[in-house]
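Colleague: Here you go, this is target29.pdb (PDB, C-alpha atoms, pLDDT in the B column).
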MODEL        1
ATOM      1  CA  MET A 256     101.845 100.518 126.244  1.00 85.00           C
ATOM      2  CA  PHE A 257     103.285 102.372 123.295  1.00 88.00           C
ATOM      3  CA  SER A 258     105.021 105.736 123.724  1.00 94.00           C
ATOM      4  CA  ILE A 259     106.885 108.325 121.648  1.00 95.00           C
ATOM      5  CA  THR A 260     109.426 110.665 123.238  1.00 96.00           C
ATOM      6  CA  GLU A 261     111.608 113.276 121.583  1.00 95.00           C
ATOM      7  CA  ALA A 262     115.263 112.254 121.908  1.00 95.00           C
ATOM      8  CA  GLY A 263     116.879 113.977 124.884  1.00 93.00           C
ATOM      9  CA  GLU A 264     113.548 114.617 126.616  1.00 93.00           C
ATOM     10  CA  ASP A 265     112.130 112.807 129.657  1.00 92.00           C
ATOM     11  CA  ASP A 266     108.396 113.256 129.139  1.00 92.00           C
ATOM     12  CA  ASN A 267     106.408 111.304 126.564  1.00 93.00           C
ATOM     13  CA  TYR A 268     105.206 113.356 123.616  1.00 94.00           C
ATOM     14  CA  TRP A 269     102.550 110.733 122.900  1.00 94.00           C
ATOM     15  CA  SER A 270     101.460 107.650 124.865  1.00 93.00           C
ATOM     16  CA  SER A 271      98.780 105.031 124.315  1.00 88.00           C
ATOM     17  CA  ALA A 272      98.191 105.149 128.091  1.00 89.00           C
ATOM     18  CA  ASP A 273      97.062 108.802 127.992  1.00 91.00           C
ATOM     19  CA  CYS A 274      93.758 108.312 126.251  1.00 83.00           C
ATOM     20  CA  PRO A 275      93.249 104.637 125.470  1.00 73.00           C
ATOM     21  CA  LYS A 276      90.608 103.540 123.025  1.00 69.00           C
ATOM     22  CA  THR A 277      88.660 100.540 124.191  1.00 59.00           C
ATOM     23  CA  SER A 278      88.108  99.053 120.734  1.00 54.00           C
ATOM     24  CA  GLY A 279      91.693  99.213 119.494  1.00 62.00           C
ATOM     25  CA  HIS A 280      93.265  96.124 121.036  1.00 67.00           C
ATOM     26  CA  ARG A 281      95.380  93.866 118.883  1.00 71.00           C
ATOM     27  CA  PHE A 282      96.293  90.344 119.827  1.00 77.00           C
ATOM     28  CA  PHE A 283      99.024  88.333 118.151  1.00 80.00           C
ATOM     29  CA  ARG A 284     100.048  84.744 118.686  1.00 84.00           C
ATOM     30  CA  VAL A 285     103.733  84.394 117.921  1.00 85.00           C
ATOM     31  CA  THR A 286     105.507  81.083 118.205  1.00 89.00           C
ATOM     32  CA  ALA A 287     108.967  80.835 119.781  1.00 91.00           C
ATOM     33  CA  GLY A 288     111.764  82.069 117.538  1.00 90.00           C
ATOM     34  CA  ASN A 289     109.456  84.107 115.292  1.00 89.00           C
ATOM     35  CA  SER A 290     108.378  87.737 115.249  1.00 85.00           C
ATOM     36  CA  VAL A 291     105.509  89.921 114.139  1.00 82.00           C
ATOM     37  CA  THR A 292     105.525  93.404 112.613  1.00 81.00           C
ATOM     38  CA  SER A 293     102.695  95.895 112.912  1.00 76.00           C
ATOM     39  CA  THR A 294     102.429  99.422 111.545  1.00 80.00           C
ATOM     40  CA  ILE A 295     100.968 102.170 113.718  1.00 79.00           C
ATOM     41  CA  LYS A 296     100.021 105.498 112.141  1.00 83.00           C
ATOM     42  CA  TRP A 297     100.774 108.604 114.205  1.00 86.00           C
ATOM     43  CA  ASP A 298      99.247 111.960 113.284  1.00 89.00           C
ATOM     44  CA  ARG A 299     102.187 113.806 114.921  1.00 92.00           C
ATOM     45  CA  LYS A 300      99.860 115.246 117.576  1.00 93.00           C
ATOM     46  CA  PRO A 301     100.746 115.077 121.284  1.00 94.00           C
ATOM     47  CA  SER A 302      98.621 113.194 123.777  1.00 92.00           C
ATOM     48  CA  ALA A 303      97.605 114.201 127.292  1.00 91.00           C
ATOM     49  CA  PRO A 304      96.855 112.150 130.424  1.00 90.00           C
ATOM     50  CA  GLU A 305      93.193 111.240 130.969  1.00 89.00           C
ATOM     51  CA  CYS A 306      92.240 112.555 127.493  1.00 87.00           C
ATOM     52  CA  ALA A 307      92.843 116.174 128.553  1.00 91.00           C
ATOM     53  CA  THR A 308      93.013 118.869 125.901  1.00 91.00           C
ATOM     54  CA  THR A 309      96.388 118.701 124.184  1.00 88.00           C
ATOM     55  CA  PRO A 310      98.518 121.693 123.275  1.00 82.00           C
ATOM     56  CA  PRO A 311      98.140 122.941 119.691  1.00 87.00           C
ATOM     57  CA  GLY A 312     100.630 122.011 117.020  1.00 88.00           C
ATOM     58  CA  SER A 313     102.331 118.824 116.002  1.00 92.00           C
ATOM     59  CA  ALA A 314     105.715 117.141 116.290  1.00 93.00           C
ATOM     60  CA  THR A 315     108.574 119.036 114.723  1.00 92.00           C
ATOM     61  CA  ALA A 316     111.476 117.671 112.723  1.00 93.00           C
ATOM     62  CA  ALA A 317     113.542 115.741 115.269  1.00 95.00           C
ATOM     63  CA  THR A 318     114.656 112.305 116.365  1.00 97.00           C
ATOM     64  CA  TYR A 319     112.059 110.417 118.400  1.00 96.00           C
ATOM     65  CA  LEU A 320     112.341 107.349 120.585  1.00 96.00           C
ATOM     66  CA  VAL A 321     109.619 104.710 120.460  1.00 94.00           C
ATOM     67  CA  GLU A 322     109.058 102.270 123.297  1.00 94.00           C
ATOM     68  CA  MET A 323     106.617  99.399 123.516  1.00 90.00           C
ATOM     69  CA  SER A 324     106.014  97.383 126.644  1.00 88.00           C
ATOM     70  CA  THR A 325     103.657  94.633 127.650  1.00 83.00           C
ATOM     71  CA  PRO A 326     103.470  92.767 130.949  1.00 83.00           C
ATOM     72  CA  GLY A 327     105.740  89.750 131.111  1.00 84.00           C
ATOM     73  CA  PHE A 328     108.054  90.844 128.288  1.00 83.00           C
ATOM     74  CA  ALA A 329     111.102  93.076 127.962  1.00 88.00           C
ATOM     75  CA  LYS A 330     110.598  96.615 126.653  1.00 91.00           C
ATOM     76  CA  VAL A 331     111.332  97.110 122.964  1.00 90.00           C
ATOM     77  CA  GLN A 332     112.858 100.403 121.851  1.00 93.00           C
ATOM     78  CA  THR A 333     113.791 101.992 118.544  1.00 93.00           C
ATOM     79  CA  SER A 334     114.117 105.475 117.088  1.00 95.00           C
ATOM     80  CA  PHE A 335     113.035 107.355 113.979  1.00 93.00           C
ATOM     81  CA  VAL A 336     113.641 110.755 112.428  1.00 94.00           C
ATOM     82  CA  GLU A 337     110.613 112.904 111.670  1.00 88.00           C
ATOM     83  CA  SER A 338     111.182 115.445 108.939  1.00 86.00           C
ATOM     84  CA  ASP A 339     108.935 118.309 107.872  1.00 73.00           C
TER      85      ASP A 339
ENDMDL
END
Show how you would write the structure in this file as structure tokens.
Modeller:
Amino acid sequence: MFSITEAGEDDNYWSSADCPKTSGHRFFRVTAGNSVTSTIKWDRKPSAPECATTPPGSATAATYLVEMSTPGFAKVQTSFVESD
């Protein structure tokens, strides 16, 4: 799962679990001691559980926290600043 949350907030602004696409899986084989980098494009729009209609607008200038998790591995977190 991949999620984006505005810093200081509890609820996800966007989550891959809200409206998953069935054809968008990516699989990587990474040997011990190595890493892989992947770029994900975000249109700054919020997501909603079960593909519900999202509120209008897009993310404002702020600091956002990104979290990625997959079963069997520790969560990975980082942050970024979105500017207008």
Colleague: Which residues match the PyMOL selection byres ((chain A and resi 293) around 12) in the file above, as a PyMOL selection string?
Modeller: chain A and resi 281-283+290-292+294-296+323
Colleague: Quick one: everything within 9 Å of Val321 (chain A), counting all atoms listed in the file, minus sequence neighbours fewer than 6 positions away in the same chain. Send it as a list of chain:residue names.
Modeller: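 Listing them by chain and then by number gives A:Phe257, A:Ser258, A:Ile259, A:Thr260, A:Glu261, A:Val331, A:Gln332, A:Thr333, A:Ser334, A:Phe335.
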Colleague: May I have the residues within 10 Å of region 266-276 of chain A as a list in words, using only C-alpha atoms and disregarding those fewer than 2 positions away in the same chain?
Modeller: Met256, Phe257, Ser258, Ile259, Thr260, Glu261, Gly263, Glu264, Ser278, Gly279, His280, Trp297, Arg299, Lys300, Pro301, Ser302, Ala303, Pro304, Glu305, Cys306, Ala307, Ser313, Ala314, Tyr319, Leu320, Val321, Glu322 and Met323 of chain A
Colleague: Would you output that residue set with C-alpha atoms, as a PDB file, keeping the file's coordinate frame?
Modeller:
ATOM      1  CA  MET A 256     101.845 100.518 126.244  1.00 85.00           C
ATOM      2  CA  PHE A 257     103.285 102.372 123.295  1.00 88.00           C
ATOM      3  CA  SER A 258     105.021 105.736 123.724  1.00 94.00           C
ATOM      4  CA  ILE A 259     106.885 108.325 121.648  1.00 95.00           C
ATOM      5  CA  THR A 260     109.426 110.665 123.238  1.00 96.00           C
ATOM      6  CA  GLU A 261     111.608 113.276 121.583  1.00 95.00           C
ATOM      7  CA  GLY A 263     116.879 113.977 124.884  1.00 93.00           C
ATOM      8  CA  GLU A 264     113.548 114.617 126.616  1.00 93.00           C
ATOM      9  CA  SER A 278      88.108  99.053 120.734  1.00 54.00           C
ATOM     10  CA  GLY A 279      91.693  99.213 119.494  1.00 62.00           C
ATOM     11  CA  HIS A 280      93.265  96.124 121.036  1.00 67.00           C
ATOM     12  CA  TRP A 297     100.774 108.604 114.205  1.00 86.00           C
ATOM     13  CA  ARG A 299     102.187 113.806 114.921  1.00 92.00           C
ATOM     14  CA  LYS A 300      99.860 115.246 117.576  1.00 93.00           C
ATOM     15  CA  PRO A 301     100.746 115.077 121.284  1.00 94.00           C
ATOM     16  CA  SER A 302      98.621 113.194 123.777  1.00 92.00           C
ATOM     17  CA  ALA A 303      97.605 114.201 127.292  1.00 91.00           C
ATOM     18  CA  PRO A 304      96.855 112.150 130.424  1.00 90.00           C
ATOM     19  CA  GLU A 305      93.193 111.240 130.969  1.00 89.00           C
ATOM     20  CA  CYS A 306      92.240 112.555 127.493  1.00 87.00           C
ATOM     21  CA  ALA A 307      92.843 116.174 128.553  1.00 91.00           C
ATOM     22  CA  SER A 313     102.331 118.824 116.002  1.00 92.00           C
ATOM     23  CA  ALA A 314     105.715 117.141 116.290  1.00 93.00           C
ATOM     24  CA  TYR A 319     112.059 110.417 118.400  1.00 96.00           C
ATOM     25  CA  LEU A 320     112.341 107.349 120.585  1.00 96.00           C
ATOM     26  CA  VAL A 321     109.619 104.710 120.460  1.00 94.00           C
ATOM     27  CA  GLU A 322     109.058 102.270 123.297  1.00 94.00           C
ATOM     28  CA  MET A 323     106.617  99.399 123.516  1.00 90.00           C
TER      29      MET A 323
END
Colleague: Mind giving me the straight-line distance from CA of Ala329 (chain A) to CA of Thr286 (chain A) in Å, one decimal?
Modeller: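 Atom-to-atom, CA of Ala329 (chain A) to CA of Thr286 (chain A), that is 16.4 Å.
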Colleague: CA of Ser324 (chain A) to CA of Asp298 (chain A): how many Å, to one decimal?
Modeller: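 Separating CA of Ser324 (chain A) from CA of Asp298 (chain A) is a distance of 20.9 Å.
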Colleague: Quick one: pull the distance between CA of Thr325 (chain A) and CA of Pro310 (chain A), Å, one decimal.
Modeller: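 Pair CA of Thr325 (chain A) / CA of Pro310 (chain A) returns 27.9 Å.
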Colleague: Take the PyMOL selection byres ((chain A and resi 338) around 9), apply it to the structure above, and return the hits as number ranges by chain.
Modeller: A: 315-318, 336-337, 339
